[in-house]
file protein-v7.pdb (PDB, C-alpha atoms)
ATOM      1  CA  ILE A   1     -17.648  16.701  -7.660  1.00  0.00           C
ATOM      2  CA  LYS A   2     -15.367  16.252 -10.665  1.00  0.00           C
ATOM      3  CA  LYS A   3     -18.170  14.624 -12.676  1.00  0.00           C
ATOM      4  CA  ALA A   4     -20.619  17.386 -11.789  1.00  0.00           C
ATOM      5  CA  PHE A   5     -18.086  20.029 -12.796  1.00  0.00           C
ATOM      6  CA  PHE A   6     -17.418  18.171 -16.041  1.00  0.00           C
ATOM      7  CA  PHE A   7     -21.120  17.901 -16.923  1.00  0.00           C
ATOM      8  CA  LEU A   8     -21.662  21.602 -16.180  1.00  0.00           C
ATOM      9  CA  SER A   9     -18.692  22.449 -18.378  1.00  0.00           C
ATOM     10  CA  VAL A  10     -20.139  20.361 -21.206  1.00  0.00           C
ATOM     11  CA  TYR A  11     -23.508  22.037 -20.772  1.00  0.00           C
ATOM     12  CA  PHE A  12     -22.127  25.598 -20.954  1.00  0.00           C
ATOM     13  CA  PHE A  13     -19.889  24.601 -23.870  1.00  0.00           C
ATOM     14  CA  SER A  14     -22.872  23.225 -25.764  1.00  0.00           C
ATOM     15  CA  VAL A  15     -24.864  26.377 -25.031  1.00  0.00           C
ATOM     16  CA  GLN A  16     -22.078  28.446 -26.530  1.00  0.00           C
ATOM     17  CA  LEU A  17     -22.114  26.223 -29.626  1.00  0.00           C
ATOM     18  CA  ALA A  18     -25.873  26.595 -29.944  1.00  0.00           C
ATOM     19  CA  LYS A  19     -25.891  30.411 -29.758  1.00  0.00           C
ATOM     20  CA  GLY A  20     -26.262  30.567 -33.537  1.00  0.00           C
ATOM     21  CA  CYS A  21     -29.759  29.041 -33.292  1.00  0.00           C
ATOM     22  CA  GLU A  22     -32.745  31.349 -33.394  1.00  0.00           C
ATOM     23  CA  HIS A  23     -34.813  29.597 -30.721  1.00  0.00           C
ATOM     24  CA  LYS A  24     -33.880  29.093 -27.088  1.00  0.00           C
ATOM     25  CA  MET A  25     -35.577  25.694 -27.107  1.00  0.00           C
ATOM     26  CA  LEU A  26     -33.147  24.444 -29.753  1.00  0.00           C
ATOM     27  CA  ARG A  27     -30.229  25.586 -27.613  1.00  0.00           C
ATOM     28  CA  LEU A  28     -31.606  23.635 -24.667  1.00  0.00           C
ATOM     29  CA  VAL A  29     -32.083  20.548 -26.848  1.00  0.00           C
ATOM     30  CA  VAL A  30     -28.466  20.731 -28.026  1.00  0.00           C
ATOM     31  CA  ALA A  31     -27.142  21.117 -24.492  1.00  0.00           C
ATOM     32  CA  LEU A  32     -29.235  18.312 -23.021  1.00  0.00           C
ATOM     33  CA  SER A  33     -28.371  15.998 -25.906  1.00  0.00           C
ATOM     34  CA  LEU A  34     -24.663  16.493 -25.324  1.00  0.00           C
ATOM     35  CA  VAL A  35     -25.007  15.877 -21.595  1.00  0.00           C
ATOM     36  CA  THR A  36     -26.999  12.702 -22.314  1.00  0.00           C
ATOM     37  CA  CYS A  37     -24.268  11.560 -24.678  1.00  0.00           C
ATOM     38  CA  ILE A  38     -21.645  12.005 -21.956  1.00  0.00           C
ATOM     39  CA  LEU A  39     -23.720  10.173 -19.354  1.00  0.00           C
ATOM     40  CA  SER A  40     -23.921   7.037 -21.505  1.00  0.00           C
ATOM     41  CA  SER A  41     -20.941   4.778 -20.880  1.00  0.00           C
ATOM     42  CA  THR A  42     -19.498   1.414 -21.719  1.00  0.00           C
ATOM     43  CA  LEU A  43     -20.528  -1.750 -19.923  1.00  0.00           C
ATOM     44  CA  THR A  44     -18.318  -3.935 -17.762  1.00  0.00           C
ATOM     45  CA  ILE A  45     -18.928  -7.614 -17.047  1.00  0.00           C
ATOM     46  CA  ARG A  46     -17.167 -10.405 -15.139  1.00  0.00           C
ATOM     47  CA  ILE A  47     -17.018 -13.752 -16.960  1.00  0.00           C
ATOM     48  CA  ASP A  48     -16.195 -16.848 -14.939  1.00  0.00           C
ATOM     49  CA  SER A  49     -13.993 -19.639 -16.248  1.00  0.00           C
ATOM     50  CA  HIS A  50     -15.650 -22.091 -18.671  1.00  0.00           C
ATOM     51  CA  LYS A  51     -18.442 -19.530 -19.181  1.00  0.00           C
ATOM     52  CA  GLU A  52     -19.755 -17.510 -22.105  1.00  0.00           C
ATOM     53  CA  GLU A  53     -21.868 -14.351 -22.047  1.00  0.00           C
ATOM     54  CA  CYS A  54     -23.878 -13.121 -25.040  1.00  0.00           C
ATOM     55  CA  PHE A  55     -25.614  -9.803 -25.695  1.00  0.00           C
ATOM     56  CA  PHE A  56     -28.189  -8.940 -28.346  1.00  0.00           C
ATOM     57  CA  ASP A  57     -29.001  -5.835 -30.346  1.00  0.00           C
ATOM     58  CA  GLU A  58     -31.439  -5.376 -33.178  1.00  0.00           C
ATOM     59  CA  VAL A  59     -30.605  -3.963 -36.597  1.00  0.00           C
ATOM     60  CA  THR A  60     -33.619  -2.388 -38.293  1.00  0.00           C
ATOM     61  CA  GLU A  61     -32.184  -1.782 -41.780  1.00  0.00           C
ATOM     62  CA  VAL A  62     -29.908  -3.602 -44.187  1.00  0.00           C
ATOM     63  CA  GLY A  63     -26.577  -1.791 -44.481  1.00  0.00           C
ATOM     64  CA  GLN A  64     -26.882  -0.175 -41.061  1.00  0.00           C
ATOM     65  CA  LYS A  65     -23.548   0.385 -39.329  1.00  0.00           C
ATOM     66  CA  VAL A  66     -22.743  -1.638 -36.228  1.00  0.00           C
ATOM     67  CA  PHE A  67     -19.787  -0.825 -33.963  1.00  0.00           C
ATOM     68  CA  PHE A  68     -18.465  -3.161 -31.261  1.00  0.00           C
ATOM     69  CA  ALA A  69     -15.481  -2.424 -29.008  1.00  0.00           C
ATOM     70  CA  TYR A  70     -14.104  -4.579 -26.203  1.00  0.00           C
ATOM     71  CA  GLN A  71     -11.133  -4.781 -23.855  1.00  0.00           C
ATOM     72  CA  VAL A  72     -10.107  -7.219 -21.121  1.00  0.00           C
ATOM     73  CA  THR A  73      -9.110  -5.234 -18.030  1.00  0.00           C
ATOM     74  CA  GLN A  74      -8.476  -7.953 -15.445  1.00  0.00           C
ATOM     75  CA  GLY A  75      -7.841 -11.666 -15.201  1.00  0.00           C
ATOM     76  CA  GLY A  76      -5.214 -14.129 -16.350  1.00  0.00           C
ATOM     77  CA  ALA A  77      -3.406 -13.268 -19.574  1.00  0.00           C
ATOM     78  CA  LEU A  78      -6.000 -10.555 -20.368  1.00  0.00           C
ATOM     79  CA  ASP A  79      -7.437 -12.488 -23.303  1.00  0.00           C
ATOM     80  CA  ILE A  80     -10.964 -13.385 -24.391  1.00  0.00           C
ATOM     81  CA  ASP A  81     -12.713 -15.125 -27.299  1.00  0.00           C
ATOM     82  CA  VAL A  82     -15.131 -12.936 -29.281  1.00  0.00           C
ATOM     83  CA  ILE A  83     -17.822 -14.033 -31.726  1.00  0.00           C
ATOM     84  CA  ILE A  84     -20.312 -11.772 -33.518  1.00  0.00           C
ATOM     85  CA  SER A  85     -23.092 -13.524 -35.409  1.00  0.00           C
ATOM     86  CA  GLY A  86     -25.946 -12.280 -37.546  1.00  0.00           C
ATOM     87  CA  PRO A  87     -29.658 -13.113 -37.403  1.00  0.00           C
ATOM     88  CA  GLY A  88     -30.206 -16.875 -37.139  1.00  0.00           C
ATOM     89  CA  SER A  89     -32.724 -19.330 -35.871  1.00  0.00           C
ATOM     90  CA  SER A  90     -31.216 -19.335 -32.383  1.00  0.00           C
ATOM     91  CA  MET A  91     -31.811 -16.825 -29.587  1.00  0.00           C
ATOM     92  CA  ASN A  92     -30.006 -18.741 -26.842  1.00  0.00           C
ATOM     93  CA  ASN A  93     -27.244 -17.286 -24.707  1.00  0.00           C
ATOM     94  CA  HIS A  94     -24.542 -19.083 -26.675  1.00  0.00           C
ATOM     95  CA  VAL A  95     -23.234 -19.355 -30.229  1.00  0.00           C
ATOM     96  CA  ASP A  96     -24.926 -21.992 -32.392  1.00  0.00           C
ATOM     97  CA  ALA A  97     -23.745 -23.485 -35.655  1.00  0.00           C
ATOM     98  CA  GLU A  98     -26.720 -22.108 -37.609  1.00  0.00           C
ATOM     99  CA  ASP A  99     -25.890 -18.493 -36.743  1.00  0.00           C
ATOM    100  CA  PRO A 100     -23.889 -16.790 -39.543  1.00  0.00           C
ATOM    101  CA  VAL A 101     -20.584 -15.641 -38.056  1.00  0.00           C
ATOM    102  CA  ILE A 102     -19.608 -12.054 -38.881  1.00  0.00           C
ATOM    103  CA  TYR A 103     -16.509 -11.697 -36.689  1.00  0.00           C
ATOM    104  CA  GLU A 104     -14.517 -14.227 -34.683  1.00  0.00           C
ATOM    105  CA  GLN A 105     -11.274 -13.848 -32.737  1.00  0.00           C
ATOM    106  CA  GLU A 106      -9.585 -16.037 -30.127  1.00  0.00           C
ATOM    107  CA  ARG A 107      -7.496 -14.957 -27.152  1.00  0.00           C
ATOM    108  CA  GLU A 108      -7.638 -11.240 -27.931  1.00  0.00           C
ATOM    109  CA  MET A 109      -6.914  -8.527 -25.348  1.00  0.00           C
ATOM    110  CA  ASP A 110      -8.929  -5.789 -27.077  1.00  0.00           C
ATOM    111  CA  GLY A 111     -10.439  -4.901 -30.406  1.00  0.00           C
ATOM    112  CA  ARG A 112     -12.783  -2.671 -32.367  1.00  0.00           C
ATOM    113  CA  VAL A 113     -15.165  -3.907 -35.034  1.00  0.00           C
ATOM    114  CA  LEU A 114     -17.163  -1.805 -37.502  1.00  0.00           C
ATOM    115  CA  PHE A 115     -19.331  -3.514 -40.110  1.00  0.00           C
ATOM    116  CA  GLN A 116     -22.489  -2.998 -42.154  1.00  0.00           C
ATOM    117  CA  ALA A 117     -25.321  -5.377 -41.414  1.00  0.00           C
ATOM    118  CA  GLN A 118     -26.177  -7.693 -44.303  1.00  0.00           C
ATOM    119  CA  ALA A 119     -29.588  -8.570 -42.915  1.00  0.00           C
ATOM    120  CA  LYS A 120     -32.213  -7.131 -40.586  1.00  0.00           C
ATOM    121  CA  GLY A 121     -32.782  -8.739 -37.231  1.00  0.00           C
ATOM    122  CA  VAL A 122     -31.154  -9.424 -33.896  1.00  0.00           C
ATOM    123  CA  HIS A 123     -27.353  -9.666 -33.878  1.00  0.00           C
ATOM    124  CA  LYS A 124     -25.520 -11.581 -31.175  1.00  0.00           C
ATOM    125  CA  PHE A 125     -22.261 -10.501 -29.496  1.00  0.00           C
ATOM    126  CA  CYS A 126     -20.644 -13.267 -27.424  1.00  0.00           C
ATOM    127  CA  LEU A 127     -17.649 -13.065 -25.078  1.00  0.00           C
ATOM    128  CA  SER A 128     -16.275 -16.473 -24.178  1.00  0.00           C
ATOM    129  CA  ASN A 129     -13.950 -17.426 -21.322  1.00  0.00           C
ATOM    130  CA  LYS A 130     -14.214 -21.173 -21.924  1.00  0.00           C
ATOM    131  CA  MET A 131     -10.465 -21.544 -22.453  1.00  0.00           C
ATOM    132  CA  SER A 132      -9.727 -20.506 -18.841  1.00  0.00           C
ATOM    133  CA  THR A 133      -9.594 -23.200 -16.189  1.00  0.00           C
ATOM    134  CA  LEU A 134      -9.730 -21.037 -13.051  1.00  0.00           C
ATOM    135  CA  THR A 135      -9.409 -17.349 -13.939  1.00  0.00           C
ATOM    136  CA  THR A 136     -12.338 -14.935 -14.026  1.00  0.00           C
ATOM    137  CA  LYS A 137     -12.053 -12.199 -16.667  1.00  0.00           C
ATOM    138  CA  THR A 138     -13.342  -8.617 -16.449  1.00  0.00           C
ATOM    139  CA  VAL A 139     -14.316  -7.257 -19.870  1.00  0.00           C
ATOM    140  CA  MET A 140     -15.352  -3.730 -20.818  1.00  0.00           C
ATOM    141  CA  PHE A 141     -17.374  -3.425 -24.040  1.00  0.00           C
ATOM    142  CA  GLN A 142     -19.700  -1.170 -26.015  1.00  0.00           C
ATOM    143  CA  ILE A 143     -22.248  -1.831 -28.762  1.00  0.00           C
ATOM    144  CA  VAL A 144     -23.463   0.970 -31.057  1.00  0.00           C
ATOM    145  CA  VAL A 145     -26.048   0.290 -33.777  1.00  0.00           C
ATOM    146  CA  GLY A 146     -26.669   2.929 -36.415  1.00  0.00           C
ATOM    147  CA  ASP A 147     -24.820   5.966 -37.683  1.00  0.00           C
ATOM    148  CA  PRO A 148     -25.370   8.951 -35.346  1.00  0.00           C
ATOM    149  CA  THR A 149     -24.892  11.340 -38.274  1.00  0.00           C
ATOM    150  CA  GLU A 150     -28.003   9.952 -39.996  1.00  0.00           C
ATOM    151  CA  GLY A 151     -31.112  11.828 -38.970  1.00  0.00           C
ATOM    152  CA  PRO A 152     -34.731  12.093 -40.134  1.00  0.00           C
ATOM    153  CA  LYS A 153     -35.114  13.233 -43.702  1.00  0.00           C
ATOM    154  CA  LYS A 154     -38.051  15.628 -43.280  1.00  0.00           C
ATOM    155  CA  LYS A 155     -36.616  18.579 -41.381  1.00  0.00           C
ATOM    156  CA  THR A 156     -36.724  22.328 -41.665  1.00  0.00           C
ATOM    157  CA  THR A 157     -33.500  24.088 -42.575  1.00  0.00           C
ATOM    158  CA  ILE A 158     -32.726  25.291 -39.039  1.00  0.00           C
ATOM    159  CA  THR A 159     -33.721  22.030 -37.355  1.00  0.00           C
ATOM    160  CA  ALA A 160     -31.804  19.919 -39.872  1.00  0.00           C
ATOM    161  CA  THR A 161     -28.657  22.023 -39.386  1.00  0.00           C
ATOM    162  CA  VAL A 162     -28.895  21.773 -35.604  1.00  0.00           C
ATOM    163  CA  ASP A 163     -29.569  18.016 -35.777  1.00  0.00           C
ATOM    164  CA  ARG A 164     -26.575  17.419 -38.036  1.00  0.00           C
ATOM    165  CA  SER A 165     -24.314  19.451 -35.746  1.00  0.00           C
ATOM    166  CA  MET A 166     -25.664  17.629 -32.709  1.00  0.00           C
ATOM    167  CA  MET A 167     -25.071  14.231 -34.287  1.00  0.00           C
ATOM    168  CA  ARG A 168     -21.533  15.099 -35.347  1.00  0.00           C
ATOM    169  CA  LEU A 169     -20.744  16.302 -31.817  1.00  0.00           C
ATOM    170  CA  GLU A 170     -22.307  13.155 -30.380  1.00  0.00           C
ATOM    171  CA  GLU A 171     -20.185  10.961 -32.643  1.00  0.00           C
ATOM    172  CA  VAL A 172     -16.969  12.812 -31.747  1.00  0.00           C
ATOM    173  CA  LEU A 173     -17.757  12.767 -28.028  1.00  0.00           C
ATOM    174  CA  SER A 174     -18.575   9.070 -28.213  1.00  0.00           C
ATOM    175  CA  MET A 175     -15.201   8.330 -29.794  1.00  0.00           C
ATOM    176  CA  ILE A 176     -13.442  10.459 -27.154  1.00  0.00           C
ATOM    177  CA  ARG A 177     -15.339   8.659 -24.393  1.00  0.00           C
ATOM    178  CA  MET A 178     -14.365   5.233 -25.761  1.00  0.00           C
ATOM    179  CA  GLN A 179     -10.737   6.302 -26.094  1.00  0.00           C
ATOM    180  CA  GLN A 180     -10.722   7.565 -22.507  1.00  0.00           C
ATOM    181  CA  SER A 181     -12.219   4.283 -21.295  1.00  0.00           C
ATOM    182  CA  HIS A 182      -9.554   2.396 -23.243  1.00  0.00           C
ATOM    183  CA  LEU A 183      -6.773   4.490 -21.705  1.00  0.00           C
ATOM    184  CA  ARG A 184      -8.227   4.132 -18.201  1.00  0.00           C
ATOM    185  CA  ALA A 185      -8.363   0.370 -18.614  1.00  0.00           C
ATOM    186  CA  ARG A 186      -4.756   0.215 -19.807  1.00  0.00           C
ATOM    187  CA  GLU A 187      -3.704   2.437 -16.888  1.00  0.00           C
ATOM    188  CA  ARG A 188      -5.401   0.048 -14.444  1.00  0.00           C
ATOM    189  CA  VAL A 189      -3.629  -2.930 -15.991  1.00  0.00           C
ATOM    190  CA  HIS A 190      -0.216  -1.227 -15.906  1.00  0.00           C
ATOM    191  CA  ARG A 191      -0.766   0.003 -12.343  1.00  0.00           C
ATOM    192  CA  ALA A 192      -1.687  -3.510 -11.201  1.00  0.00           C
ATOM    193  CA  THR A 193       1.461  -4.870 -12.864  1.00  0.00           C
ATOM    194  CA  ALA A 194       3.634  -2.199 -11.217  1.00  0.00           C
ATOM    195  CA  GLU A 195       2.092  -2.823  -7.782  1.00  0.00           C
ATOM    196  CA  THR A 196       2.599  -6.586  -8.121  1.00  0.00           C
ATOM    197  CA  THR A 197       6.221  -6.096  -9.168  1.00  0.00           C
ATOM    198  CA  ASN A 198       6.796  -3.689  -6.288  1.00  0.00           C
ATOM    199  CA  GLU A 199       5.350  -6.181  -3.809  1.00  0.00           C
ATOM    200  CA  ARG A 200       7.537  -8.984  -5.147  1.00  0.00           C
ATOM    201  CA  VAL A 201      10.660  -6.804  -4.939  1.00  0.00           C
ATOM    202  CA  LEU A 202       9.776  -5.824  -1.364  1.00  0.00           C
ATOM    203  CA  TRP A 203       9.324  -9.385  -0.144  1.00  0.00           C
ATOM    204  CA  GLY A 204      12.398 -10.495  -2.063  1.00  0.00           C
ATOM    205  CA  SER A 205      14.455  -7.826  -0.302  1.00  0.00           C
ATOM    206  CA  VAL A 206      13.031  -8.848   3.108  1.00  0.00           C
ATOM    207  CA  ILE A 207      13.864 -12.510   2.506  1.00  0.00           C
ATOM    208  CA  GLN A 208      17.351 -11.662   1.233  1.00  0.00           C
ATOM    209  CA  SER A 209      18.058  -9.409   4.248  1.00  0.00           C
ATOM    210  CA  SER A 210      16.790 -12.059   6.666  1.00  0.00           C
ATOM    211  CA  ALA A 211      18.988 -14.686   5.030  1.00  0.00           C
ATOM    212  CA  MET A 212      22.057 -12.437   5.304  1.00  0.00           C
ATOM    213  CA  VAL A 213      21.380 -11.730   9.008  1.00  0.00           C
ATOM    214  CA  GLY A 214      20.905 -15.430   9.719  1.00  0.00           C
ATOM    215  CA  LEU A 215      24.068 -16.370   7.840  1.00  0.00           C
ATOM    216  CA  SER A 216      26.049 -13.705   9.709  1.00  0.00           C
ATOM    217  CA  ALA A 217      24.809 -15.066  13.056  1.00  0.00           C
ATOM    218  CA  VAL A 218      25.822 -18.611  12.100  1.00  0.00           C
ATOM    219  CA  GLN A 219      29.309 -17.442  11.001  1.00  0.00           C
ATOM    220  CA  MET A 220      29.845 -15.503  14.249  1.00  0.00           C
ATOM    221  CA  TYR A 221      28.805 -18.507  16.322  1.00  0.00           C
ATOM    222  CA  TYR A 222      31.124 -20.796  14.352  1.00  0.00           C
ATOM    223  CA  LEU A 223      34.128 -18.445  14.673  1.00  0.00           C
ATOM    224  CA  LYS A 224      33.482 -18.020  18.370  1.00  0.00           C
ATOM    225  CA  ARG A 225      33.541 -21.768  18.858  1.00  0.00           C
ATOM    226  CA  CYS A 226      36.788 -22.041  16.910  1.00  0.00           C
ATOM    227  CA  PHE A 227      38.633 -19.609  19.217  1.00  0.00           C
ATOM    228  CA  GLU A 228      37.327 -20.985  22.482  1.00  0.00           C
ATOM    229  CA  THR A 229      40.043 -22.450  24.801  1.00  0.00           C
ATOM    230  CA  ARG A 230      39.224 -25.813  26.308  1.00  0.00           C
ATOM    231  CA  ARG A 231      40.806 -26.753  29.640  1.00  0.00           C
ATOM    232  CA  ASN A 232      41.216 -30.324  30.793  1.00  0.00           C
ATOM    233  CA  VAL A 233      40.567 -30.799  34.494  1.00  0.00           C
TER     234      VAL A 233
END

call {"tool": "encode", "arguments": {"input": "protein-v7.pdb", "output": "structure tokens"}}
result
Amino acid sequence: IKKAFFFLSVYFFSVQLAKGCEHKMLRLVVALSLVTCILSSTLTIRIDSHKEECFFDEVTEVGQKVFFAYQVTQGGALDIDVIISGPGSSMNNHVDAEDPVIYEQEREMDGRVLFQAQAKGVHKFCLSNKMSTLTTKTVMFQIVVGDPTEGPKKKTTITATVDRSMMRLEEVLSMIRMQQSHLRARERVHRATAETTNERVLWGSVIQSSAMVGLSAVQMYYLKRCFETRRNV
């Protein structure tokens, strides 16, 4: 219900923004584009210990912007190894030596990477949990290729203005969506820590209370035996 209300709110908001357009069809395009932008979300994957998962996306132009964001939400010390490599001779689901490395970090909890592609072709984004012996990691990530503010060059004045406004709104909404996902992930991590601490405090209190009751019973029994009168028959 909350999501439906949110999407309807976005739709009516976008319609209000598009009231300056002369054609009703352009208003509908703006509204539907914004709703589509909201519906797209980040991906979440579980990576087992001693495993590595790679994802691929194609860059069609040299100098095209590529954005990659990631965050570990569950598992162990909340760290992951990240490697981004450019077009190489390998298309396997792991990082090879012949792939030019663009970005590499070890044992990172989260990060955001923005770079311009130096070559056309398929880029590889790998998340590695090989350093873990037993722990499975849950990682949330997003890959965006291209600048949403760049549109087709041949446009009429009205269409070009609407497209530029749409793309700016899409970029801002995308950043807000990623920030909200980041905050939700941090809230889940902090809530899990608080619940674990609360559980430990609870069981610690139960054990401490049980020990005090047992010790009191032993002391009462010992004092009772000390004051008992023994009669010799």

call {"tool": "residues_around", "arguments": {"input": "protein-v7.pdb", "residues": "Val144 of chain A", "least_positions_apart": "2", "cutoff": "8 Å", "atoms": "all atoms listed in the file", "output": "ChimeraX atom specification"}}
result
/A:66-68,142,146

call {"tool": "write_last_selection", "arguments": {"input": "protein-v7.pdb", "atoms": "C-alpha atoms", "output": "short mmCIF file (atom, residue, chain, number, x, y, z; two decimals), keeping the file's coordinate frame"}}
result
data_model
loop_
_atom_site.label_atom_id
_atom_site.label_comp_id
_atom_site.auth_asym_id
_atom_site.auth_seq_id
_atom_site.Cartn_x
_atom_site.Cartn_y
_atom_site.Cartn_z
CA VAL A 66 -22.74 -1.64 -36.23
CA PHE A 67 -19.79 -0.82 -33.96
CA PHE A 68 -18.46 -3.16 -31.26
CA GLN A 142 -19.70 -1.17 -26.02
CA GLY A 146 -26.67 2.93 -36.42
#

call {"tool": "closest_residue", "arguments": {"input": "protein-v7.pdb", "among": "A:Met220, A:Val101, A:Met167, A:Ile47", "to": "Lys137 of chain A", "atoms": "only C-alpha atoms"}}
result
A:Ile47

call {"tool": "closest_residue", "arguments": {"input": "protein-v7.pdb", "among": "A:Val62, A:Val82, A:Ala69, A:Leu223", "to": "Met131 of chain A", "atoms": "only C-alpha atoms"}}
result
A:Val82

call {"tool": "resolve_selection", "arguments": {"input": "protein-v7.pdb", "expression": "the PyMOL selection byres ((chain A and resi 174-182) around 9)", "output": "PDB file with C-alpha atoms, keeping the file's coordinate frame"}}
result
ATOM      1  CA  CYS A  37     -24.268  11.560 -24.678  1.00  0.00           C
ATOM      2  CA  ILE A  38     -21.645  12.005 -21.956  1.00  0.00           C
ATOM      3  CA  SER A  40     -23.921   7.037 -21.505  1.00  0.00           C
ATOM      4  CA  SER A  41     -20.941   4.778 -20.880  1.00  0.00           C
ATOM      5  CA  THR A  42     -19.498   1.414 -21.719  1.00  0.00           C
ATOM      6  CA  ALA A  69     -15.481  -2.424 -29.008  1.00  0.00           C
ATOM      7  CA  TYR A  70     -14.104  -4.579 -26.203  1.00  0.00           C
ATOM      8  CA  GLN A  71     -11.133  -4.781 -23.855  1.00  0.00           C
ATOM      9  CA  MET A 140     -15.352  -3.730 -20.818  1.00  0.00           C
ATOM     10  CA  GLN A 142     -19.700  -1.170 -26.015  1.00  0.00           C
ATOM     11  CA  LEU A 169     -20.744  16.302 -31.817  1.00  0.00           C
ATOM     12  CA  GLU A 170     -22.307  13.155 -30.380  1.00  0.00           C
ATOM     13  CA  GLU A 171     -20.185  10.961 -32.643  1.00  0.00           C
ATOM     14  CA  VAL A 172     -16.969  12.812 -31.747  1.00  0.00           C
ATOM     15  CA  LEU A 173     -17.757  12.767 -28.028  1.00  0.00           C
ATOM     16  CA  LEU A 183      -6.773   4.490 -21.705  1.00  0.00           C
ATOM     17  CA  ARG A 184      -8.227   4.132 -18.201  1.00  0.00           C
ATOM     18  CA  ALA A 185      -8.363   0.370 -18.614  1.00  0.00           C
ATOM     19  CA  ARG A 186      -4.756   0.215 -19.807  1.00  0.00           C
ATOM     20  CA  GLU A 187      -3.704   2.437 -16.888  1.00  0.00           C
TER      21      GLU A 187
END

call {"tool": "resolve_selection", "arguments": {"input": "protein-v7.pdb", "expression": "the PyMOL selection byres ((chain A and resi 78) around 9)", "output": "list in words"}}
result
Gln71, Val72, Thr73, Gln74, Gly75, Gly76, Ala77, Asp79, Ile80, Arg107, Glu108, Met109, Asp110, Lys137, Thr138 and Val139 of chain A

call {"tool": "residues_around", "arguments": {"input": "protein-v7.pdb", "residues": "Thr133 of chain A", "least_positions_apart": "6", "cutoff": "10 Å", "atoms": "all atoms listed in the file", "output": "ChimeraX atom specification"}}
result
/A:48-50
